[in-house]
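The data block below is coords.cif; it holds mmCIF, C-alpha atoms and all ligand atoms.
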data_final
#
loop_
_atom_site.label_atom_id
_atom_site.label_comp_id
_atom_site.auth_asym_id
_atom_site.auth_seq_id
_atom_site.Cartn_x
_atom_site.Cartn_y
_atom_site.Cartn_z
CA MET C 1 0.00 0.00 0.00
CA LEU C 2 1.37 3.39 -0.99
CA VAL C 3 -0.95 6.34 -0.45
CA VAL C 4 -0.21 10.06 -0.72
CA ASN C 5 -2.63 12.40 1.07
CA ARG C 6 -2.52 16.10 0.24
CA ASP C 7 -3.02 19.14 2.49
CA VAL C 8 -3.57 17.37 5.78
CA SER C 9 -3.53 18.62 9.38
CA LEU C 10 -0.37 18.16 11.45
CA ARG C 11 -2.28 17.61 14.70
CA PRO C 12 -2.82 13.82 14.38
CA LEU C 13 0.82 13.43 13.40
CA ASN C 14 2.35 14.57 16.70
CA THR C 15 1.64 13.64 20.31
CA MET C 16 2.41 17.25 21.33
CA ASP C 17 -0.93 18.03 19.71
CA VAL C 18 0.43 21.03 17.80
CA ASP C 19 -1.65 22.04 14.81
CA GLY C 20 -0.62 23.20 11.37
CA THR C 21 -0.74 22.08 7.77
CA LEU C 22 1.20 19.60 5.75
CA ARG C 23 1.46 19.40 1.96
CA TYR C 24 1.99 15.62 1.58
CA LEU C 25 1.49 12.70 3.95
CA VAL C 26 2.81 9.43 2.55
CA GLU C 27 1.56 6.14 4.01
CA TRP C 28 3.59 3.05 3.15
CA GLU C 29 3.83 -0.57 4.30
CA THR C 30 6.72 -2.39 2.64
CA ALA C 31 10.16 -1.85 1.14
CA GLU C 32 8.52 -2.33 -2.29
CA ASP C 33 6.30 0.68 -1.55
CA LEU C 34 9.41 2.72 -0.76
CA GLY C 35 10.96 1.53 -4.02
CA ARG C 36 7.97 2.92 -5.90
CA LEU C 37 8.00 6.16 -3.96
CA PHE C 38 11.66 6.86 -4.73
CA THR C 39 11.92 5.55 -8.30
CA ASP C 40 8.50 6.08 -9.91
CA SER C 41 8.27 9.53 -11.52
CA THR C 42 4.59 9.79 -10.42
CA TYR C 43 5.92 10.66 -6.98
CA ALA C 44 8.66 13.08 -8.09
CA ASP C 45 6.86 16.16 -6.71
CA VAL C 46 6.39 14.50 -3.34
CA VAL C 47 10.00 13.32 -3.07
CA ASP C 48 11.66 16.46 -4.47
CA GLY C 49 10.60 18.63 -1.53
CA GLY C 50 12.26 16.17 0.89
CA VAL C 51 10.66 13.25 2.75
CA LYS C 52 10.91 12.97 6.51
CA PHE C 53 10.03 9.53 7.98
CA ILE C 54 8.13 9.65 11.25
CA GLY C 55 6.51 7.23 13.71
CA GLN C 56 3.72 8.48 15.98
CA GLY C 57 5.37 11.90 16.19
CA SER C 58 6.02 11.31 19.89
CA ASN C 59 9.43 12.92 19.78
CA LEU C 60 8.78 15.80 17.38
CA LEU C 61 7.98 19.47 17.68
CA PHE C 62 6.54 21.27 14.67
CA VAL C 63 7.91 24.78 15.17
CA SER C 64 6.52 26.08 11.91
CA ARG C 65 2.76 26.02 11.26
CA ASP C 66 3.26 24.96 7.67
CA TYR C 67 5.47 21.96 7.17
CA ARG C 68 6.97 22.18 3.71
CA GLY C 69 7.96 18.84 2.33
CA ALA C 70 6.46 15.41 2.87
CA LEU C 71 6.09 13.32 6.01
CA ALA C 72 5.95 9.53 5.65
CA LYS C 73 4.46 7.00 8.07
CA CYS C 74 4.63 3.23 8.03
CA ALA C 75 1.11 1.79 8.15
CA SER C 76 2.17 -1.85 8.66
CA ARG C 77 1.26 -3.39 12.02
CA ALA C 78 2.92 -6.74 11.38
CA ILE C 79 4.58 -8.81 14.13
CA ARG C 80 5.92 -12.22 12.98
CA LEU C 81 7.70 -15.06 14.77
CA VAL C 82 10.83 -15.67 12.67
CA GLY C 83 12.85 -17.99 14.91
CA GLU C 84 12.65 -19.76 18.25
CA ASN C 85 14.01 -22.44 20.53
CA ASP C 86 13.33 -23.34 24.16
CA LYS C 87 15.28 -20.29 25.39
CA TYR C 88 14.16 -17.46 23.14
CA ALA C 89 11.86 -16.27 20.39
CA ASP C 90 12.80 -13.91 17.56
CA LEU C 91 10.14 -11.52 16.33
CA GLU C 92 10.22 -9.41 13.19
CA VAL C 93 8.34 -6.21 13.93
CA SER C 94 7.39 -3.70 11.24
CA ALA C 95 8.48 -0.09 11.74
CA GLY C 96 4.87 1.11 12.07
CA VAL C 97 3.83 -1.07 15.03
CA ALA C 98 3.20 0.95 18.18
CA LEU C 99 5.94 0.12 20.69
CA ASP C 100 3.38 -0.57 23.41
CA ASP C 101 1.60 -3.05 21.11
CA VAL C 102 4.90 -4.93 20.77
CA VAL C 103 5.30 -4.91 24.57
CA ALA C 104 1.71 -6.10 25.07
CA TYR C 105 2.20 -8.88 22.48
CA CYS C 106 5.37 -10.03 24.27
CA CYS C 107 3.63 -9.98 27.66
CA ARG C 108 0.72 -12.05 26.27
CA HIS C 109 3.21 -14.66 25.04
CA CYS C 110 5.46 -14.49 28.16
CA LEU C 111 8.42 -13.21 26.16
CA TRP C 112 10.75 -11.21 28.42
CA GLY C 113 12.87 -8.18 27.55
CA LEU C 114 10.59 -5.27 26.70
CA GLU C 115 8.18 -5.16 29.65
CA ASN C 116 9.99 -2.19 31.30
CA LEU C 117 9.22 -0.17 28.15
CA SER C 118 5.45 -0.46 28.70
CA LEU C 119 3.30 2.53 27.78
CA ILE C 120 6.07 4.45 26.00
CA PRO C 121 4.51 6.32 23.08
CA GLY C 122 6.01 5.85 19.62
CA THR C 123 6.63 3.07 17.14
CA ALA C 124 9.07 0.17 16.90
CA GLY C 125 10.75 1.99 13.99
CA GLY C 126 11.23 5.12 16.09
CA ALA C 127 12.53 3.03 18.99
CA ALA C 128 15.13 1.44 16.70
CA VAL C 129 16.33 4.88 15.58
CA GLN C 130 16.52 6.64 18.92
CA ASN C 131 17.12 3.72 21.29
CA VAL C 132 14.18 4.44 23.57
CA GLY C 133 14.79 3.58 27.21
CA ALA C 134 13.07 3.44 30.58
CA TYR C 135 13.48 1.79 33.97
CA GLY C 136 16.96 0.44 33.30
CA VAL C 137 16.20 -1.08 29.88
CA GLU C 138 16.97 0.24 26.42
CA PHE C 139 15.42 -0.93 23.16
CA LYS C 140 18.87 -1.99 21.89
CA ASP C 141 18.99 -4.65 24.65
CA VAL C 142 16.58 -6.83 22.64
CA VAL C 143 17.55 -5.84 19.09
CA VAL C 144 19.30 -8.45 16.93
CA LYS C 145 19.02 -6.77 13.51
CA VAL C 146 17.47 -3.69 11.94
CA ASN C 147 16.32 -3.99 8.32
CA CYS C 148 16.46 -0.76 6.32
CA TYR C 149 15.60 0.47 2.86
CA ASP C 150 18.73 1.97 1.31
CA ARG C 151 17.86 5.13 -0.64
CA GLU C 152 21.13 4.94 -2.62
CA THR C 153 20.94 1.35 -3.85
CA HIS C 154 17.16 0.87 -3.48
CA ARG C 155 17.80 -2.43 -1.69
CA ILE C 156 17.22 -3.80 1.80
CA VAL C 157 20.24 -3.63 4.12
CA SER C 158 20.26 -5.64 7.32
CA PHE C 159 22.32 -4.12 10.16
CA ASP C 160 23.53 -6.27 13.06
CA VAL C 161 22.97 -4.62 16.44
CA GLY C 162 26.73 -4.19 16.99
CA ASP C 163 27.03 -2.07 13.82
CA ILE C 164 24.34 0.48 14.73
CA GLY C 165 26.37 2.52 17.24
CA TYR C 166 23.68 2.38 19.89
CA ALA C 167 24.20 4.65 22.90
CA TYR C 168 21.97 6.67 25.24
CA ARG C 169 19.08 7.84 22.99
CA ASP C 170 21.43 7.59 20.03
CA SER C 171 22.28 5.45 17.00
CA LEU C 172 23.89 5.59 13.57
CA PHE C 173 20.44 6.36 12.11
CA LYS C 174 20.32 9.77 13.86
CA HIS C 175 23.42 11.07 12.07
CA SER C 176 24.31 12.01 8.51
CA PRO C 177 24.89 10.37 6.10
CA ALA C 178 23.02 7.29 7.46
CA LYS C 179 20.13 9.50 8.58
CA GLU C 180 19.28 10.48 5.02
CA ARG C 181 20.21 7.14 3.48
CA TYR C 182 18.48 4.42 5.53
CA ILE C 183 14.80 4.02 6.37
CA VAL C 184 13.92 1.47 9.04
CA VAL C 185 11.48 -1.09 7.62
CA SER C 186 11.52 -3.71 10.38
CA THR C 187 13.46 -4.87 13.41
CA ILE C 188 14.34 -8.39 14.58
CA LEU C 189 14.00 -8.64 18.35
CA ARG C 190 15.17 -11.52 20.57
CA LEU C 191 13.02 -12.11 23.65
CA SER C 192 13.67 -14.54 26.46
CA ARG C 193 11.28 -17.39 27.28
CA SER C 194 12.51 -17.52 30.90
CA PRO C 195 11.79 -14.68 33.35
CA GLN C 196 14.41 -11.91 33.27
CA PRO C 197 12.96 -9.26 35.61
CA ARG C 198 14.99 -6.03 35.77
CA LEU C 199 13.63 -4.12 38.72
CA ASN C 200 16.62 -2.15 40.03
CA TYR C 201 15.31 1.23 38.91
CA GLY C 202 13.87 3.42 41.67
CA LYS C 203 11.03 1.83 43.58
CA LEU C 204 9.94 -0.53 40.78
CA ASP C 205 10.91 -3.64 42.76
CA ALA C 206 8.54 -2.80 45.61
CA LEU C 207 5.62 -2.28 43.20
CA VAL C 208 5.82 -5.64 41.43
CA ALA C 209 3.43 -8.22 42.91
CA ASP C 210 5.12 -11.29 41.39
CA LYS C 211 8.62 -10.80 39.98
CA ASN C 212 8.37 -13.85 37.73
CA ASP C 213 5.07 -12.74 36.24
CA ILE C 214 5.64 -10.52 33.22
CA VAL C 215 2.15 -9.01 33.50
CA SER C 216 2.89 -7.89 37.10
CA VAL C 217 6.02 -6.11 35.86
CA ARG C 218 4.12 -4.45 33.00
CA GLU C 219 1.39 -3.30 35.38
CA ALA C 220 3.92 -1.82 37.84
CA VAL C 221 5.70 0.11 35.06
CA ILE C 222 2.37 1.41 33.78
CA ALA C 223 1.38 2.51 37.31
CA VAL C 224 4.69 4.42 37.77
CA ARG C 225 4.38 6.13 34.39
CA ARG C 226 0.74 7.08 34.99
CA SER C 227 1.62 8.60 38.37
CA LYS C 228 4.34 10.85 36.90
CA LEU C 229 3.67 11.50 33.25
CA PRO C 230 0.83 13.22 31.38
CA GLU C 231 -1.75 10.87 29.91
CA VAL C 232 -1.10 10.27 26.23
CA GLY C 233 -4.13 11.30 24.18
CA LYS C 234 -5.33 13.67 26.89
CA THR C 235 -2.49 16.15 27.38
CA GLY C 236 -0.17 16.85 24.46
CA SER C 237 3.46 16.04 25.25
CA ALA C 238 6.53 14.49 23.66
CA GLY C 239 7.71 12.54 26.73
CA SER C 240 11.06 13.73 28.01
CA PHE C 241 11.76 16.99 26.22
CA PHE C 242 15.47 17.10 27.16
CA LYS C 243 18.17 14.43 27.40
CA ASN C 244 19.92 13.75 30.68
CA PRO C 245 23.32 15.46 30.29
CA ILE C 246 26.55 13.42 30.45
CA LEU C 247 29.47 15.39 31.94
CA THR C 248 33.22 14.83 32.03
CA ASP C 249 35.00 15.18 35.40
CA GLN C 250 36.05 18.71 34.47
CA GLN C 251 32.52 19.73 33.43
CA MET C 252 31.29 18.20 36.69
CA GLU C 253 33.59 20.50 38.69
CA LEU C 254 32.48 23.55 36.72
CA MET C 255 28.83 22.56 37.27
CA LEU C 256 29.31 22.24 41.05
CA ALA C 257 31.12 25.59 41.23
CA GLN C 258 28.38 27.32 39.26
CA ALA C 259 25.59 25.73 41.36
CA SER C 260 27.34 26.98 44.48
CA ARG C 261 27.63 30.51 43.01
CA SER C 262 23.91 30.33 42.20
CA GLY C 263 23.17 29.42 45.82
CA ILE C 264 21.79 25.97 44.92
CA ASP C 265 22.25 23.12 47.40
CA VAL C 266 23.33 20.03 45.44
CA THR C 267 22.85 17.58 48.32
CA GLY C 268 21.04 14.52 46.97
CA MET C 269 21.68 15.38 43.30
CA PRO C 270 21.34 12.11 41.34
CA VAL C 271 24.59 11.21 39.52
CA PHE C 272 25.09 7.95 37.58
CA ASP C 273 28.39 6.61 36.22
CA VAL C 274 27.99 5.84 32.52
CA ALA C 275 30.26 5.30 29.51
CA GLY C 276 31.81 8.67 28.67
CA GLY C 277 31.31 10.36 32.03
CA ARG C 278 28.63 10.99 34.61
CA LYS C 279 24.97 11.32 33.81
CA LEU C 280 22.94 13.93 35.67
CA SER C 281 19.18 14.07 35.99
CA ALA C 282 17.84 16.89 33.81
CA ALA C 283 14.55 16.62 35.76
CA TRP C 284 16.43 17.34 39.00
CA LEU C 285 18.26 20.37 37.51
CA ILE C 286 15.02 21.80 36.08
CA ASP C 287 13.20 21.14 39.36
CA ARG C 288 15.93 22.87 41.44
CA ALA C 289 15.94 25.81 39.07
CA GLY C 290 12.27 26.33 39.95
CA TRP C 291 10.51 25.42 36.70
CA LYS C 292 8.06 22.77 37.92
CA GLY C 293 4.52 23.67 36.84
CA VAL C 294 5.58 26.97 35.20
CA GLU C 295 3.18 28.08 32.45
CA SER C 296 4.02 30.25 29.50
CA GLY C 297 1.04 30.95 27.27
CA HIS C 298 -0.42 27.54 26.42
CA ALA C 299 2.84 25.70 27.17
CA ARG C 300 3.59 24.24 30.58
CA VAL C 301 6.29 22.39 32.51
CA TRP C 302 4.68 19.19 33.84
CA PRO C 303 4.44 19.46 37.65
CA THR C 304 5.34 15.86 38.56
CA GLN C 305 8.07 15.35 35.93
CA PRO C 306 9.62 18.67 34.87
CA LEU C 307 11.57 16.99 32.06
CA VAL C 308 8.27 16.93 30.21
CA LEU C 309 6.80 20.02 28.50
CA VAL C 310 3.13 19.92 27.61
CA ASN C 311 0.60 21.62 25.37
CA ALA C 312 -1.56 22.53 28.38
CA ASP C 313 -4.90 23.14 26.67
CA GLY C 314 -4.29 21.99 23.10
CA PHE C 315 -3.80 25.54 21.79
CA ALA C 316 -0.01 25.84 22.17
CA THR C 317 1.99 26.47 19.03
CA GLY C 318 5.28 24.70 18.47
CA ARG C 319 7.03 28.06 18.69
CA GLU C 320 5.54 28.73 22.12
CA ILE C 321 6.79 25.37 23.41
CA ALA C 322 10.21 25.93 21.81
CA ASP C 323 10.43 29.36 23.48
CA LEU C 324 9.68 27.86 26.90
CA ALA C 325 12.31 25.16 26.24
CA ALA C 326 14.86 27.84 25.27
CA ARG C 327 14.18 29.79 28.48
CA ILE C 328 14.71 26.63 30.54
CA MET C 329 17.94 25.78 28.70
CA ASP C 330 19.30 29.32 29.23
CA ASP C 331 18.39 29.22 32.91
CA ILE C 332 20.06 25.81 33.44
CA SER C 333 23.17 27.14 31.66
CA MET C 334 23.21 30.16 33.93
CA LYS C 335 22.58 28.29 37.18
CA PHE C 336 24.56 25.07 36.55
CA ASN C 337 26.82 25.83 33.58
CA VAL C 338 25.25 22.81 31.83
CA ARG C 339 23.81 23.13 28.33
CA LEU C 340 20.80 20.83 28.06
CA GLU C 341 20.13 19.19 24.71
CA THR C 342 16.62 18.52 23.48
CA GLU C 343 15.61 14.90 23.02
CA VAL C 344 12.76 16.17 20.90
CA GLU C 345 13.54 16.90 17.24
CA TYR C 346 12.41 20.29 15.89
CA LEU C 347 10.84 20.33 12.44
N1 LIG Y 401 13.30 14.34 39.71
C1 LIG Y 401 13.23 15.53 40.37
N2 LIG Y 401 12.06 16.21 40.38
C2 LIG Y 401 10.97 15.71 39.76
C3 LIG Y 401 11.03 14.50 39.06
C4 LIG Y 401 12.23 13.81 39.04
O1 LIG Y 401 14.22 15.98 40.96
O2 LIG Y 401 9.93 16.39 39.81
C5 LIG Y 401 14.58 13.63 39.71
C6 LIG Y 401 14.57 12.57 40.77
O3 LIG Y 401 15.76 12.63 41.48
C7 LIG Y 401 14.49 11.27 40.00
C8 LIG Y 401 15.24 11.66 38.75
O4 LIG Y 401 14.82 13.01 38.50
O5 LIG Y 401 15.10 10.24 40.70
C9 LIG Y 401 14.93 10.84 37.54
O6 LIG Y 401 13.53 10.89 37.24
P1 LIG Y 401 12.85 9.69 36.41
O7 LIG Y 401 13.00 8.43 37.16
O8 LIG Y 401 11.48 10.10 36.03
O9 LIG Y 401 13.78 9.53 35.13
P2 LIG Y 401 14.35 10.61 34.09
O10 LIG Y 401 15.83 10.44 34.04
O11 LIG Y 401 13.85 11.97 34.41
C10 LIG Y 401 14.31 8.95 32.09
C11 LIG Y 401 13.84 8.92 30.67
C12 LIG Y 401 12.34 8.68 30.62
C13 LIG Y 401 12.03 7.37 31.34
C14 LIG Y 401 12.53 7.48 32.78
C15 LIG Y 401 12.36 6.19 33.55
C16 LIG Y 401 15.36 10.43 29.51
C17 LIG Y 401 15.53 11.73 28.80
N3 LIG Y 401 14.16 10.19 30.03
O12 LIG Y 401 13.72 10.09 32.71
O13 LIG Y 401 11.98 8.51 29.27
O14 LIG Y 401 10.64 7.08 31.34
O15 LIG Y 401 13.96 7.75 32.75
O16 LIG Y 401 13.33 5.29 33.18
O17 LIG Y 401 16.32 9.66 29.57
C18 LIG Y 401 11.20 9.72 27.39
O18 LIG Y 401 12.31 9.55 26.91
O19 LIG Y 401 10.29 10.31 26.76
C19 LIG Y 401 10.94 9.23 28.73
C20 LIG Y 401 9.81 9.48 29.38
#
Using structure tokens, write down the structure from this file.
Ligand code: EPU
Amino acid sequence: MLVVNRDVSLRPLNTMDVDGTLRYLVEWETAEDLGRLFTDSTYADVVDGGVKFIGQGSNLLFVSRDYRGALAKCASRAIRLVGENDKYADLEVSAGVALDDVVAYCCRHCLWGLENLSLIPGTAGGAAVQNVGAYGVEFKDVVVKVNCYDRETHRIVSFDVGDIGYAYRDSLFKHSPAKERYIVVSTILRLSRSPQPRLNYGKLDALVADKNDIVSVREAVIAVRRSKLPEVGKTGSAGSFFKNPILTDQQMELMLAQASRSGIDVTGMPVFDVAGGRKLSAAWLIDRAGWKGVESGHARVWPTQPLVLVNADGFATGREIADLAARIMDDISMKFNVRLETEVEYL
């Protein structure tokens, strides 16, 4: 199926619930569809203005009211068992499947590995690009291969997990030239048939009724997310708006000195040792800087998780949200000498 819709609204294409107009929305299902899109002259107008591939738009901010160019979404919802033995099962999941549908499928079949990623908005394709993570698990932990359409050769390329450069919210597919060249079509995931509970994050352990019951783990994760994060479909948001910053030892010293000059008590500041330095909690920095619950026009900092910016009443423009984000970033720079980076991509 390859369908091109003209002059559509942006609102259903982003979880931030920002409105605007879009010239072309392409819906596709298979690599063959992409082959037609990129090689058949019927679609030249659509392709010439640039095609941006999106999932559920759960990590996007439309800063301009008119998006020039085309957006493309994968409409396939296919999940297939492609290999198994008594220890594991391999699933091939199309890019367009909602990540939470994959998690729910795995929980129904007692396949362990993704349950900590319950209720995360977005698609499997998006998760493979940005290495979604929550509660001590990252998407890459279950990935075996990612199958992509290659825009240069018009063939399928299959990447092994070790060749994708996965890191915290990062992969090869987020950077040029791979970003422009490869389109994720499907992902092969390896799930465990025996219980592998990972409950070390925060208070998750205490909330799980039966640690060897995958549904108990899923329910606990859902309860934690619901208690802290805005309800998807009710309040527009893009999940975490900023990434947690990773600092070198020297940057850490500068941060502490600046916090002290700003009169901020850093007792209890969460710091985690990670590859490449020490990871700070952006939520903690934003909280200490006094931004929790702050409103600016129709944009708001979420009161129980200040890493999340929301479209408070559905009338916020992308620009308004971007302006609030910029004010927060400037304030964190001033108070902590740390430049936050957005996790959300601006379009
Ligand atoms: N905190 C505060 N004040 C608050 C809330 C949190 O100081 O009001 C501090 C606390 O110290 C808390 C720490 O922030 O311990 C971390 O908070 P949380 O456990 O919510 O995790 P996070 O680092 O803020 C990350 C992911 C989330 C994911 C959670 C849970 C990023 C950018 N975000 O948030 O992912 O759900 O961990 O694992 O890494 C997303 O990417 O959209 C997302 C929601």
### Message
I need the residue nearest Arg327 in chain C from this list: C:Asn131, C:Thr267, C:Ser296, C:Gln305. Use only C-alpha atoms for the distance.
### Response
C:Ser296
Protein and nucleic acid residues within 7 Å of ligand LIG 401 (chain Y) (only C-alpha atoms and all ligand atoms) as a PDB file with C-alpha atoms, keeping the file's coordinate frame:
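out-v3.pdb written:
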ATOM      1  CA  VAL C 132      14.180   4.440  23.570  1.00  0.00           C
ATOM      2  CA  GLY C 133      14.790   3.580  27.210  1.00  0.00           C
ATOM      3  CA  ALA C 134      13.070   3.440  30.580  1.00  0.00           C
ATOM      4  CA  TYR C 135      13.480   1.790  33.970  1.00  0.00           C
ATOM      5  CA  GLY C 136      16.960   0.440  33.300  1.00  0.00           C
ATOM      6  CA  GLY C 202      13.870   3.420  41.670  1.00  0.00           C
ATOM      7  CA  ALA C 238       6.530  14.490  23.660  1.00  0.00           C
ATOM      8  CA  GLY C 239       7.710  12.540  26.730  1.00  0.00           C
ATOM      9  CA  SER C 240      11.060  13.730  28.010  1.00  0.00           C
ATOM     10  CA  PHE C 241      11.760  16.990  26.220  1.00  0.00           C
ATOM     11  CA  PHE C 242      15.470  17.100  27.160  1.00  0.00           C
ATOM     12  CA  LYS C 243      18.170  14.430  27.400  1.00  0.00           C
ATOM     13  CA  ASN C 244      19.920  13.750  30.680  1.00  0.00           C
ATOM     14  CA  MET C 269      21.680  15.380  43.300  1.00  0.00           C
ATOM     15  CA  PRO C 270      21.340  12.110  41.340  1.00  0.00           C
ATOM     16  CA  SER C 281      19.180  14.070  35.990  1.00  0.00           C
ATOM     17  CA  ALA C 282      17.840  16.890  33.810  1.00  0.00           C
ATOM     18  CA  ALA C 283      14.550  16.620  35.760  1.00  0.00           C
ATOM     19  CA  TRP C 284      16.430  17.340  39.000  1.00  0.00           C
ATOM     20  CA  LEU C 285      18.260  20.370  37.510  1.00  0.00           C
ATOM     21  CA  ASP C 287      13.200  21.140  39.360  1.00  0.00           C
ATOM     22  CA  LYS C 292       8.060  22.770  37.920  1.00  0.00           C
ATOM     23  CA  PRO C 303       4.440  19.460  37.650  1.00  0.00           C
ATOM     24  CA  THR C 304       5.340  15.860  38.560  1.00  0.00           C
ATOM     25  CA  GLN C 305       8.070  15.350  35.930  1.00  0.00           C
ATOM     26  CA  PRO C 306       9.620  18.670  34.870  1.00  0.00           C
ATOM     27  CA  LEU C 307      11.570  16.990  32.060  1.00  0.00           C
ATOM     28  CA  GLU C 343      15.610  14.900  23.020  1.00  0.00           C
TER      29      GLU C 343
END
### Coordinates-based distance that separates CA of Gly126 in chain C from CA of Val97 in chain C (Å, one decimal)
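It comes out at 9.7 Å.
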### Message
I'd like the interatomic distance between CA of Arg218 in chain C and CA of Glu138 in chain C, to a tenth of an Å.
### Response
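We find that CA of Arg218 in chain C and CA of Glu138 in chain C lie 15.2 Å from each other.
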### Query
Suppose you want the space between CA of Pro195 in chain C and CA of Asn212 in chain C; what is it in Å?
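Calculated distance between CA of Pro195 in chain C and CA of Asn212 in chain C is 5.6 Å.
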Given only C-alpha atoms, how would the per-residue table for range 172-265 of chain C near range 145-150 of chain C read, listing every residue at most 9 Å away with its closest atom pair and distance in Å to one decimal, sorted by chain and number, as CSV?
residue,atom,partner,partner_atom,distance
C:Arg181,CA,C:Asp150,CA,5.8
C:Tyr182,CA,C:Asp150,CA,4.9
C:Ile183,CA,C:Tyr149,CA,5.1
C:Val184,CA,C:Cys148,CA,4.3
C:Val185,CA,C:Cys148,CA,5.2
C:Ser186,CA,C:Asn147,CA,5.2
C:Thr187,CA,C:Val146,CA,4.4
C:Ile188,CA,C:Lys145,CA,5.1
C:Leu189,CA,C:Lys145,CA,7.2
Add whatever atoms are absent from range 251-265 of chain C to reach N, CA, C and O atoms, and provide the output as a compact mmCIF listing (two decimals), keeping the file's coordinate frame.
# COMPACT_ATOMS: atom_id res chain seq x y z
N GLN C 251 33.84 19.05 33.54
CA GLN C 251 32.52 19.73 33.43
C GLN C 251 31.74 19.59 34.74
O GLN C 251 31.01 20.49 35.14
N MET C 252 31.96 18.46 35.41
CA MET C 252 31.29 18.20 36.69
C MET C 252 31.75 19.24 37.73
O MET C 252 30.94 19.80 38.46
N GLU C 253 33.06 19.50 37.74
CA GLU C 253 33.59 20.50 38.69
C GLU C 253 33.04 21.88 38.40
O GLU C 253 32.65 22.62 39.30
N LEU C 254 33.00 22.23 37.11
CA LEU C 254 32.48 23.55 36.72
C LEU C 254 31.00 23.67 37.10
O LEU C 254 30.54 24.71 37.56
N MET C 255 30.26 22.56 36.93
CA MET C 255 28.83 22.56 37.27
C MET C 255 28.66 22.81 38.78
O MET C 255 27.83 23.64 39.18
N LEU C 256 29.46 22.10 39.60
CA LEU C 256 29.31 22.24 41.05
C LEU C 256 29.67 23.66 41.50
O LEU C 256 29.00 24.25 42.36
N ALA C 257 30.71 24.22 40.87
CA ALA C 257 31.12 25.59 41.23
C ALA C 257 30.02 26.59 40.88
O ALA C 257 29.69 27.49 41.65
N GLN C 258 29.42 26.39 39.70
CA GLN C 258 28.38 27.32 39.26
C GLN C 258 27.12 27.20 40.12
O GLN C 258 26.49 28.20 40.47
N ALA C 259 26.77 25.94 40.49
CA ALA C 259 25.59 25.73 41.36
C ALA C 259 25.82 26.44 42.68
O ALA C 259 24.91 27.09 43.22
N SER C 260 27.02 26.34 43.20
CA SER C 260 27.34 26.98 44.48
C SER C 260 27.23 28.51 44.37
O SER C 260 26.63 29.17 45.21
N ARG C 261 27.76 29.07 43.25
CA ARG C 261 27.63 30.51 43.01
C ARG C 261 26.17 30.92 42.90
O ARG C 261 25.79 32.02 43.28
N SER C 262 25.34 30.02 42.36
CA SER C 262 23.91 30.33 42.20
C SER C 262 23.12 30.10 43.49
O SER C 262 21.90 30.27 43.51
N GLY C 263 23.82 29.63 44.53
CA GLY C 263 23.17 29.42 45.82
C GLY C 263 22.29 28.17 45.83
O GLY C 263 21.31 28.09 46.60
N ILE C 264 22.61 27.19 44.98
CA ILE C 264 21.79 25.97 44.92
C ILE C 264 22.49 24.83 45.68
O ILE C 264 23.66 24.54 45.45
N ASP C 265 21.73 24.24 46.60
CA ASP C 265 22.25 23.12 47.40
C ASP C 265 22.17 21.85 46.57
O ASP C 265 21.09 21.45 46.14
